[in-house]
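What follows is the content of run38.tsv (TSV, C-alpha atoms).
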```
chain	number	residue	atom	x	y	z
I	7	MET	CA	109.47	121.45	137.85
I	8	SER	CA	107.38	124.61	137.52
I	9	GLN	CA	103.99	125.02	139.17
I	10	SER	CA	102.40	124.86	135.71
I	11	ASP	CA	104.11	121.55	134.88
I	12	GLN	CA	103.13	120.14	138.28
I	13	PHE	CA	99.52	121.21	137.69
I	14	ASN	CA	99.46	119.56	134.24
I	15	ASP	CA	100.95	116.33	135.62
I	16	ASP	CA	98.42	116.23	138.45
I	17	THR	CA	95.57	116.90	136.01
I	18	ARG	CA	96.67	114.12	133.64
I	19	ARG	CA	96.79	111.62	136.50
I	20	ASN	CA	93.12	112.36	137.20
I	21	VAL	CA	91.95	111.99	133.59
I	22	THR	CA	90.42	108.62	132.74
I	23	TRP	CA	89.17	107.31	129.40
I	24	HIS	CA	85.48	106.41	129.60
I	25	SER	CA	84.21	103.77	127.18
I	26	GLY	CA	80.54	103.95	126.19
I	27	ALA	CA	77.99	101.15	126.14
I	28	VAL	CA	77.89	101.26	122.32
I	29	THR	CA	80.90	99.75	120.57
I	30	ARG	CA	82.61	100.88	117.39
I	31	ARG	CA	81.54	97.66	115.70
I	32	GLN	CA	77.89	98.33	116.55
I	33	ARG	CA	78.16	101.76	114.93
I	34	GLU	CA	79.81	100.21	111.88
I	35	VAL	CA	77.04	97.62	111.52
I	36	LEU	CA	74.50	100.45	111.70
I	37	LEU	CA	76.34	102.44	109.00
I	38	GLY	CA	77.23	99.45	106.86
I	39	GLN	CA	80.89	100.44	106.59
I	40	ARG	CA	84.18	100.33	108.46
I	41	GLY	CA	85.41	103.59	109.94
I	42	GLY	CA	88.84	104.82	108.93
I	43	VAL	CA	91.10	107.77	108.19
I	44	ILE	CA	92.05	108.42	104.58
I	45	TRP	CA	95.01	110.77	104.95
I	46	PHE	CA	95.84	112.84	101.86
I	47	THR	CA	99.34	114.32	101.97
I	48	GLY	CA	101.33	116.31	99.42
I	49	LEU	CA	102.54	119.77	98.51
I	50	SER	CA	100.27	122.80	98.29
I	51	GLY	CA	98.58	122.66	94.89
I	52	SER	CA	98.99	118.90	94.50
I	53	GLY	CA	95.22	118.35	94.59
I	54	LYS	CA	94.61	117.05	98.13
I	55	SER	CA	91.43	119.02	98.78
I	56	THR	CA	90.13	118.56	95.23
I	57	ILE	CA	90.47	114.77	95.35
I	58	ALA	CA	89.23	114.54	98.95
I	59	ARG	CA	86.10	116.57	98.14
I	60	ALA	CA	85.40	114.55	95.00
I	61	LEU	CA	85.88	111.31	96.95
I	62	GLU	CA	83.56	112.54	99.69
I	63	GLU	CA	80.87	113.30	97.10
I	64	ARG	CA	81.33	109.87	95.47
I	65	LEU	CA	81.10	108.04	98.79
I	66	ILE	CA	78.01	109.98	99.90
I	67	ASP	CA	76.33	109.32	96.54
I	68	GLU	CA	76.95	105.61	97.07
I	69	GLY	CA	75.42	105.64	100.54
I	70	HIS	CA	78.53	105.91	102.74
I	71	LEU	CA	79.03	108.39	105.57
I	72	ALA	CA	82.17	110.41	104.80
I	73	TYR	CA	83.51	113.78	105.91
I	74	VAL	CA	86.46	115.93	104.82
I	75	LEU	CA	88.66	117.62	107.41
I	76	ASP	CA	90.41	120.31	105.37
I	77	GLY	CA	93.64	122.02	106.44
I	78	ASP	CA	92.43	125.59	105.87
I	79	ASN	CA	89.08	124.96	107.55
I	80	VAL	CA	90.67	123.49	110.66
I	81	ARG	CA	92.95	126.51	110.98
I	82	HIS	CA	89.88	128.76	111.07
I	83	GLY	CA	88.76	127.21	114.35
I	84	LEU	CA	90.37	124.30	116.18
I	85	ASN	CA	93.92	125.29	115.22
I	86	ALA	CA	93.45	129.04	114.78
I	87	ASP	CA	96.10	129.64	117.44
I	88	LEU	CA	98.85	127.84	115.50
I	89	GLY	CA	101.36	129.23	113.02
I	90	PHE	CA	103.66	127.38	110.63
I	91	SER	CA	106.86	126.81	112.58
I	92	PRO	CA	108.03	123.17	112.71
I	93	ASP	CA	106.69	122.74	116.26
I	94	GLU	CA	103.35	124.31	115.38
I	95	ARG	CA	103.03	122.15	112.27
I	96	CYS	CA	103.55	119.08	114.45
I	97	GLU	CA	100.92	120.27	116.91
I	98	ASN	CA	98.53	120.98	114.03
I	99	ILE	CA	98.81	117.38	112.85
I	100	ARG	CA	98.66	115.97	116.38
I	101	ARG	CA	95.35	117.70	117.06
I	102	ILE	CA	93.75	116.76	113.77
I	103	GLY	CA	95.01	113.20	114.17
I	104	GLU	CA	93.16	112.98	117.47
I	105	VAL	CA	89.98	114.38	115.93
I	106	ALA	CA	90.20	112.14	112.85
I	107	THR	CA	90.65	109.09	115.06
I	108	LEU	CA	87.53	109.96	117.04
I	109	PHE	CA	85.60	110.38	113.79
I	110	ALA	CA	86.83	106.97	112.61
I	111	ASP	CA	85.74	105.46	115.92
I	112	CYS	CA	82.26	106.75	115.09
I	113	GLY	CA	82.39	104.62	111.93
I	114	ILE	CA	82.90	107.61	109.63
I	115	LEU	CA	85.18	107.49	106.59
I	116	THR	CA	87.26	110.52	107.54
I	117	LEU	CA	89.14	112.21	104.70
I	118	THR	CA	91.91	114.60	105.73
I	119	ALA	CA	93.60	117.06	103.37
I	120	PHE	CA	96.78	118.39	104.99
I	121	ILE	CA	100.28	118.97	103.67
I	122	SER	CA	101.51	117.19	106.83
I	123	PRO	CA	105.16	117.50	105.77
I	124	TYR	CA	106.84	115.26	108.37
I	125	ARG	CA	106.89	111.46	108.24
I	126	ASP	CA	107.03	111.09	112.01
I	127	ASP	CA	103.82	113.09	112.42
I	128	ARG	CA	101.97	111.00	109.86
I	129	GLN	CA	103.29	107.80	111.40
I	130	ARG	CA	102.14	108.97	114.82
I	131	VAL	CA	98.59	109.40	113.51
I	132	ARG	CA	98.75	105.95	111.92
I	133	GLY	CA	99.75	104.50	115.27
I	134	LEU	CA	96.96	106.37	117.02
I	135	CYS	CA	94.30	105.32	114.54
I	136	GLY	CA	95.58	101.78	113.97
I	137	ASP	CA	97.41	100.47	110.95
I	138	ASP	CA	94.31	98.69	109.66
I	139	ARG	CA	92.23	101.90	109.73
I	140	PHE	CA	94.73	104.41	108.34
I	141	VAL	CA	95.15	104.89	104.58
I	142	GLU	CA	97.98	107.18	103.48
I	143	VAL	CA	97.31	108.70	100.05
I	144	TYR	CA	100.33	110.52	98.64
I	145	LEU	CA	99.73	113.18	95.99
I	146	ASP	CA	103.06	112.70	94.22
I	147	VAL	CA	103.02	115.79	92.01
I	148	PRO	CA	106.13	117.65	90.78
I	149	VAL	CA	106.69	120.93	92.60
I	150	ALA	CA	106.83	122.72	89.22
I	151	THR	CA	103.28	121.56	88.50
I	152	CYS	CA	102.06	122.63	91.94
I	153	GLU	CA	103.73	126.01	91.51
I	154	ALA	CA	102.23	126.49	88.04
I	155	ARG	CA	98.77	125.97	89.51
I	156	ASP	CA	99.33	128.12	92.62
I	157	PRO	CA	95.67	129.17	93.06
I	158	LYS	CA	96.46	131.25	96.15
I	159	ASN	CA	99.75	132.74	94.86
I	160	LEU	CA	101.51	131.10	97.81
I	161	TYR	CA	104.55	129.92	95.84
I	162	LYS	CA	104.95	133.40	94.37
I	163	LYS	CA	104.85	134.93	97.85
I	164	ALA	CA	107.32	132.34	99.17
I	165	ARG	CA	109.76	132.94	96.31
I	166	SER	CA	109.64	136.68	96.94
I	167	GLY	CA	110.31	136.22	100.65
I	168	GLU	CA	106.89	137.51	101.63
I	169	LEU	CA	105.83	134.10	102.94
I	170	ARG	CA	108.19	132.20	105.21
I	171	GLU	CA	108.16	128.54	106.29
I	172	PHE	CA	106.38	127.50	103.09
I	173	THR	CA	106.64	123.79	102.31
I	174	GLY	CA	108.44	123.01	99.08
I	175	VAL	CA	110.20	126.38	98.90
I	176	ASN	CA	111.72	127.35	102.25
I	177	ALA	CA	110.46	124.50	104.45
I	178	PRO	CA	110.97	120.74	103.90
I	179	TYR	CA	108.53	118.07	102.79
I	180	GLU	CA	109.27	114.44	103.63
I	181	PRO	CA	107.41	112.25	101.11
I	182	PRO	CA	105.94	108.93	102.25
I	183	LEU	CA	108.27	105.98	101.70
I	184	HIS	CA	105.50	103.41	101.34
I	185	PRO	CA	102.13	105.12	100.82
I	186	ASP	CA	99.04	102.95	100.57
I	187	VAL	CA	97.96	104.84	97.44
I	188	ARG	CA	100.10	107.07	95.21
I	189	LEU	CA	98.41	109.58	92.88
I	190	ASP	CA	99.78	112.05	90.34
I	191	THR	CA	97.19	114.66	89.41
I	192	SER	CA	99.51	116.05	86.75
I	193	GLU	CA	98.88	112.85	84.76
I	194	GLN	CA	95.64	111.42	86.14
I	195	PRO	CA	92.25	113.21	86.02
I	196	VAL	CA	90.22	113.64	89.18
I	197	ALA	CA	87.79	110.82	88.34
I	198	VAL	CA	90.65	108.34	87.86
I	199	CYS	CA	92.28	109.37	91.16
I	200	VAL	CA	88.98	109.00	93.02
I	201	GLN	CA	88.40	105.57	91.48
I	202	ARG	CA	91.83	104.38	92.57
I	203	VAL	CA	91.09	105.33	96.18
I	204	VAL	CA	87.64	103.74	96.00
I	205	ASP	CA	89.22	100.56	94.64
I	206	TYR	CA	91.63	100.48	97.57
I	207	LEU	CA	88.86	101.09	100.13
I	208	THR	CA	86.79	98.35	98.51
I	209	GLY	CA	89.68	95.89	98.54
I	210	GLU	CA	90.37	96.61	102.20
I	211	ARG	CA	86.64	96.25	103.01
I	212	PHE	CA	86.10	99.76	104.35
I	213	LEU	CA	82.90	99.97	102.30
I	214	PHE	CA	81.27	96.90	103.86
I	215	PRO	CA	79.86	96.17	107.33
I	216	PRO	CA	81.60	93.64	109.61
I	217	THR	CA	81.24	90.18	108.05
I	218	ASP	CA	80.65	88.44	111.38
I	219	PRO	CA	77.31	89.58	112.94
I	220	SER	CA	78.68	88.84	116.40
I	221	GLU	CA	81.24	91.60	115.90
I	222	GLY	CA	78.47	94.15	116.22
I	223	LYS	CA	77.83	92.98	119.77
I	224	ALA	CA	81.43	92.90	121.00
```
Have the structure of the file written as structure tokens, please.
Amino acid sequence: MSQSDQFNDDTRRNVTWHSGAVTRRQREVLLGQRGGVIWFTGLSGSGKSTIARALEERLIDEGHLAYVLDGDNVRHGLNADLGFSPDERCENIRRIGEVATLFADCGILTLTAFISPYRDDRQRVRGLCGDDRFVEVYLDVPVATCEARDPKNLYKKARSGELREFTGVNAPYEPPLHPDVRLDTSEQPVAVCVQRVVDYLTGERFLFPPTDPSEGKA
């Protein structure tokens, strides 16, 4: 074991999780909603950010606290040191999964818009957040449609060889096997897609406070 590994092991042994005096349920009672992570996944150009932003606006208009964590925005700061190799993609999702889970613990409806190409990475975030607080929304859009949109000319650059490790062209995408919500923006307008997610959140009671008042004191 290297000195660096020994140092990291020693450091981890001295790190302890500190729980606050205020519980998640108390925060949820205050906000009148149940915190969760709504995880949008799909190819570049499938509409993840568009739907997430429209959903955020809808939720805010209806009095719910929601926030979008966008893939490009996160790579400007928190994950600015990461590239797009398979290992770096995994680390990108690991970090944002940790942040999204903390946001959900605050009672926030956290909307994430990431390609997140690997099933194992998405499943790991689900396990971290909790199955009852993680909603996987799959933008199931044909690659031809995504490429036709191509607002950043990324597919064109990938086809020409200028851009390497690009999902859907020269890097794999593993679609969800059993997403909680499946959307196709090539056939459904934005408003319909947003409504479908809202319907799911309503049915799963994310948009309501805890039903048992005693839960706010647990």
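Counting from CA of Arg211 in chain I, the distance to CA of Asp190 in chain I is 24.1 Å.
Between CA of Glu142 in chain I and CA of Ile57 in chain I there is a distance of 13.4 Å.
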- By how many Å are CA of Val21 in chain I and CA of Ala86 in chain I apart? 25.4 Å
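Those residues that approach Ser166 in chain I to within 12 Å, counting all atoms listed in the file, are Asn159, Leu160, Tyr161, Phe172, Val175 and Asn176 of chain I; same-chain residues fewer than 5 positions away are not listed.
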Quick one: write out the picked residues with C-alpha atoms as an mmCIF file, keeping the file's coordinate frame?
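out.cif, written as the output of this step:
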```cif
data_model
loop_
_atom_site.group_PDB
_atom_site.id
_atom_site.type_symbol
_atom_site.label_atom_id
_atom_site.label_comp_id
_atom_site.auth_asym_id
_atom_site.auth_seq_id
_atom_site.Cartn_x
_atom_site.Cartn_y
_atom_site.Cartn_z
ATOM 1 C CA ASN I 159 99.750 132.740 94.860
ATOM 2 C CA LEU I 160 101.510 131.100 97.810
ATOM 3 C CA TYR I 161 104.550 129.920 95.840
ATOM 4 C CA PHE I 172 106.380 127.500 103.090
ATOM 5 C CA VAL I 175 110.200 126.380 98.900
ATOM 6 C CA ASN I 176 111.720 127.350 102.250
#
```
- Query: Which is closer to Leu207 in chain I than all the others in I:Ala154, I:Ala60, I:Val131, I:Val187, using all atoms listed in the file?
  - Reply: I:Val187
- range 105-111 of chain I surroundings by all atoms listed in the file, 9 Å radius, close-in-sequence under 5 positions cut, as a VMD selection string: chain I and resid 29 to 31 33 to 34 40 to 43 73 75 100 116 to 118 131 134 to 136 139
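For the residues I:His82, I:Asn20, I:Arg165, I:Leu115, ranking by smallest atom-to-atom distance to Phe212 in chain I using only C-alpha atoms places I:Leu115 first.
When all atoms listed in the file are used to compute distances to Leu183 in chain I, the closest of the residues I:Gly77, I:Ile99, I:Val149, I:Tyr124 turns out to be I:Tyr124.
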Distance query Asn85 in chain I at most 10 Å, all atoms listed in the file, self and fewer than 2 positions along chain excluded, as a PDB file with C-alpha atoms, in the frame of the given file:
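See out-v3.pdb below for the written result:
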```
ATOM      1  CA  GLY I  77      93.640 122.020 106.440  1.00  0.00           C
ATOM      2  CA  ASP I  78      92.430 125.590 105.870  1.00  0.00           C
ATOM      3  CA  ASN I  79      89.080 124.960 107.550  1.00  0.00           C
ATOM      4  CA  VAL I  80      90.670 123.490 110.660  1.00  0.00           C
ATOM      5  CA  ARG I  81      92.950 126.510 110.980  1.00  0.00           C
ATOM      6  CA  HIS I  82      89.880 128.760 111.070  1.00  0.00           C
ATOM      7  CA  GLY I  83      88.760 127.210 114.350  1.00  0.00           C
ATOM      8  CA  ASP I  87      96.100 129.640 117.440  1.00  0.00           C
ATOM      9  CA  LEU I  88      98.850 127.840 115.500  1.00  0.00           C
ATOM     10  CA  GLY I  89     101.360 129.230 113.020  1.00  0.00           C
ATOM     11  CA  GLU I  94     103.350 124.310 115.380  1.00  0.00           C
ATOM     12  CA  GLU I  97     100.920 120.270 116.910  1.00  0.00           C
ATOM     13  CA  ASN I  98      98.530 120.980 114.030  1.00  0.00           C
ATOM     14  CA  ILE I  99      98.810 117.380 112.850  1.00  0.00           C
ATOM     15  CA  ARG I 101      95.350 117.700 117.060  1.00  0.00           C
ATOM     16  CA  ILE I 102      93.750 116.760 113.770  1.00  0.00           C
TER      17      ILE I 102
END
```
How would range 89-117 of chain I look with N, CA and C atoms restored, written as a PDB file, keeping the file's coordinate frame?
```pdb
ATOM      1  N   GLY I  89     100.707 128.708 114.205  1.00  0.00           N
ATOM      2  CA  GLY I  89     101.360 129.230 113.020  1.00  0.00           C
ATOM      3  C   GLY I  89     101.939 128.103 112.193  1.00  0.00           C
ATOM      4  N   PHE I  90     103.093 128.351 111.564  1.00  0.00           N
ATOM      5  CA  PHE I  90     103.660 127.380 110.630  1.00  0.00           C
ATOM      6  C   PHE I  90     105.115 127.040 110.948  1.00  0.00           C
ATOM      7  N   SER I  91     105.530 127.253 112.178  1.00  0.00           N
ATOM      8  CA  SER I  91     106.860 126.810 112.580  1.00  0.00           C
ATOM      9  C   SER I  91     106.855 125.286 112.633  1.00  0.00           C
ATOM     10  N   PRO I  92     108.015 124.639 112.633  1.00  0.00           N
ATOM     11  CA  PRO I  92     108.030 123.170 112.710  1.00  0.00           C
ATOM     12  C   PRO I  92     107.247 122.621 113.897  1.00  0.00           C
ATOM     13  N   ASP I  93     107.410 123.230 115.071  1.00  0.00           N
ATOM     14  CA  ASP I  93     106.690 122.740 116.260  1.00  0.00           C
ATOM     15  C   ASP I  93     105.177 122.924 116.100  1.00  0.00           C
ATOM     16  N   GLU I  94     104.775 124.056 115.536  1.00  0.00           N
ATOM     17  CA  GLU I  94     103.350 124.310 115.380  1.00  0.00           C
ATOM     18  C   GLU I  94     102.742 123.418 114.290  1.00  0.00           C
ATOM     19  N   ARG I  95     103.508 123.095 113.277  1.00  0.00           N
ATOM     20  CA  ARG I  95     103.030 122.150 112.270  1.00  0.00           C
ATOM     21  C   ARG I  95     102.790 120.780 112.905  1.00  0.00           C
ATOM     22  N   CYS I  96     103.716 120.366 113.763  1.00  0.00           N
ATOM     23  CA  CYS I  96     103.550 119.080 114.450  1.00  0.00           C
ATOM     24  C   CYS I  96     102.312 119.079 115.332  1.00  0.00           C
ATOM     25  N   GLU I  97     102.093 120.172 116.048  1.00  0.00           N
ATOM     26  CA  GLU I  97     100.920 120.270 116.910  1.00  0.00           C
ATOM     27  C   GLU I  97      99.630 120.283 116.085  1.00  0.00           C
ATOM     28  N   ASN I  98      99.677 120.950 114.938  1.00  0.00           N
ATOM     29  CA  ASN I  98      98.530 120.980 114.030  1.00  0.00           C
ATOM     30  C   ASN I  98      98.120 119.562 113.641  1.00  0.00           C
ATOM     31  N   ILE I  99      99.101 118.751 113.268  1.00  0.00           N
ATOM     32  CA  ILE I  99      98.810 117.380 112.850  1.00  0.00           C
ATOM     33  C   ILE I  99      98.409 116.511 114.043  1.00  0.00           C
ATOM     34  N   ARG I 100      99.025 116.747 115.196  1.00  0.00           N
ATOM     35  CA  ARG I 100      98.660 115.970 116.380  1.00  0.00           C
ATOM     36  C   ARG I 100      97.191 116.170 116.712  1.00  0.00           C
ATOM     37  N   ARG I 101      96.745 117.417 116.711  1.00  0.00           N
ATOM     38  CA  ARG I 101      95.350 117.700 117.060  1.00  0.00           C
ATOM     39  C   ARG I 101      94.392 117.083 116.050  1.00  0.00           C
ATOM     40  N   ILE I 102      94.676 117.279 114.767  1.00  0.00           N
ATOM     41  CA  ILE I 102      93.750 116.760 113.770  1.00  0.00           C
ATOM     42  C   ILE I 102      93.787 115.238 113.745  1.00  0.00           C
ATOM     43  N   GLY I 103      94.939 114.653 114.068  1.00  0.00           N
ATOM     44  CA  GLY I 103      95.010 113.200 114.170  1.00  0.00           C
ATOM     45  C   GLY I 103      94.093 112.672 115.259  1.00  0.00           C
ATOM     46  N   GLU I 104      94.050 113.373 116.376  1.00  0.00           N
ATOM     47  CA  GLU I 104      93.160 112.980 117.470  1.00  0.00           C
ATOM     48  C   GLU I 104      91.693 113.083 117.039  1.00  0.00           C
ATOM     49  N   VAL I 105      91.359 114.181 116.369  1.00  0.00           N
ATOM     50  CA  VAL I 105      89.980 114.380 115.930  1.00  0.00           C
ATOM     51  C   VAL I 105      89.596 113.338 114.875  1.00  0.00           C
ATOM     52  N   ALA I 106      90.479 113.114 113.912  1.00  0.00           N
ATOM     53  CA  ALA I 106      90.200 112.140 112.850  1.00  0.00           C
ATOM     54  C   ALA I 106      90.000 110.743 113.421  1.00  0.00           C
ATOM     55  N   THR I 107      90.780 110.399 114.434  1.00  0.00           N
ATOM     56  CA  THR I 107      90.650 109.090 115.060  1.00  0.00           C
ATOM     57  C   THR I 107      89.307 108.942 115.763  1.00  0.00           C
ATOM     58  N   LEU I 108      88.853 109.996 116.416  1.00  0.00           N
ATOM     59  CA  LEU I 108      87.530 109.960 117.040  1.00  0.00           C
ATOM     60  C   LEU I 108      86.433 109.805 115.995  1.00  0.00           C
ATOM     61  N   PHE I 109      86.571 110.509 114.877  1.00  0.00           N
ATOM     62  CA  PHE I 109      85.600 110.380 113.790  1.00  0.00           C
ATOM     63  C   PHE I 109      85.565 108.932 113.277  1.00  0.00           C
ATOM     64  N   ALA I 110      86.760 108.354 113.093  1.00  0.00           N
ATOM     65  CA  ALA I 110      86.830 106.970 112.610  1.00  0.00           C
ATOM     66  C   ALA I 110      86.190 106.011 113.595  1.00  0.00           C
ATOM     67  N   ASP I 111      86.351 106.295 114.892  1.00  0.00           N
ATOM     68  CA  ASP I 111      85.740 105.460 115.920  1.00  0.00           C
ATOM     69  C   ASP I 111      84.223 105.514 115.841  1.00  0.00           C
ATOM     70  N   CYS I 112      83.706 106.622 115.304  1.00  0.00           N
ATOM     71  CA  CYS I 112      82.260 106.750 115.090  1.00  0.00           C
ATOM     72  C   CYS I 112      81.791 105.924 113.895  1.00  0.00           C
ATOM     73  N   GLY I 113      82.751 105.381 113.126  1.00  0.00           N
ATOM     74  CA  GLY I 113      82.390 104.620 111.930  1.00  0.00           C
ATOM     75  C   GLY I 113      82.428 105.450 110.665  1.00  0.00           C
ATOM     76  N   ILE I 114      82.868 106.706 110.780  1.00  0.00           N
ATOM     77  CA  ILE I 114      82.900 107.610 109.630  1.00  0.00           C
ATOM     78  C   ILE I 114      84.161 107.378 108.805  1.00  0.00           C
ATOM     79  N   LEU I 115      84.022 107.460 107.478  1.00  0.00           N
ATOM     80  CA  LEU I 115      85.180 107.490 106.590  1.00  0.00           C
ATOM     81  C   LEU I 115      85.675 108.931 106.576  1.00  0.00           C
ATOM     82  N   THR I 116      86.766 109.177 107.290  1.00  0.00           N
ATOM     83  CA  THR I 116      87.260 110.520 107.540  1.00  0.00           C
ATOM     84  C   THR I 116      88.381 110.836 106.569  1.00  0.00           C
ATOM     85  N   LEU I 117      88.175 111.840 105.728  1.00  0.00           N
ATOM     86  CA  LEU I 117      89.140 112.210 104.700  1.00  0.00           C
ATOM     87  C   LEU I 117      89.856 113.476 105.155  1.00  0.00           C
TER      88      LEU I 117
END
```
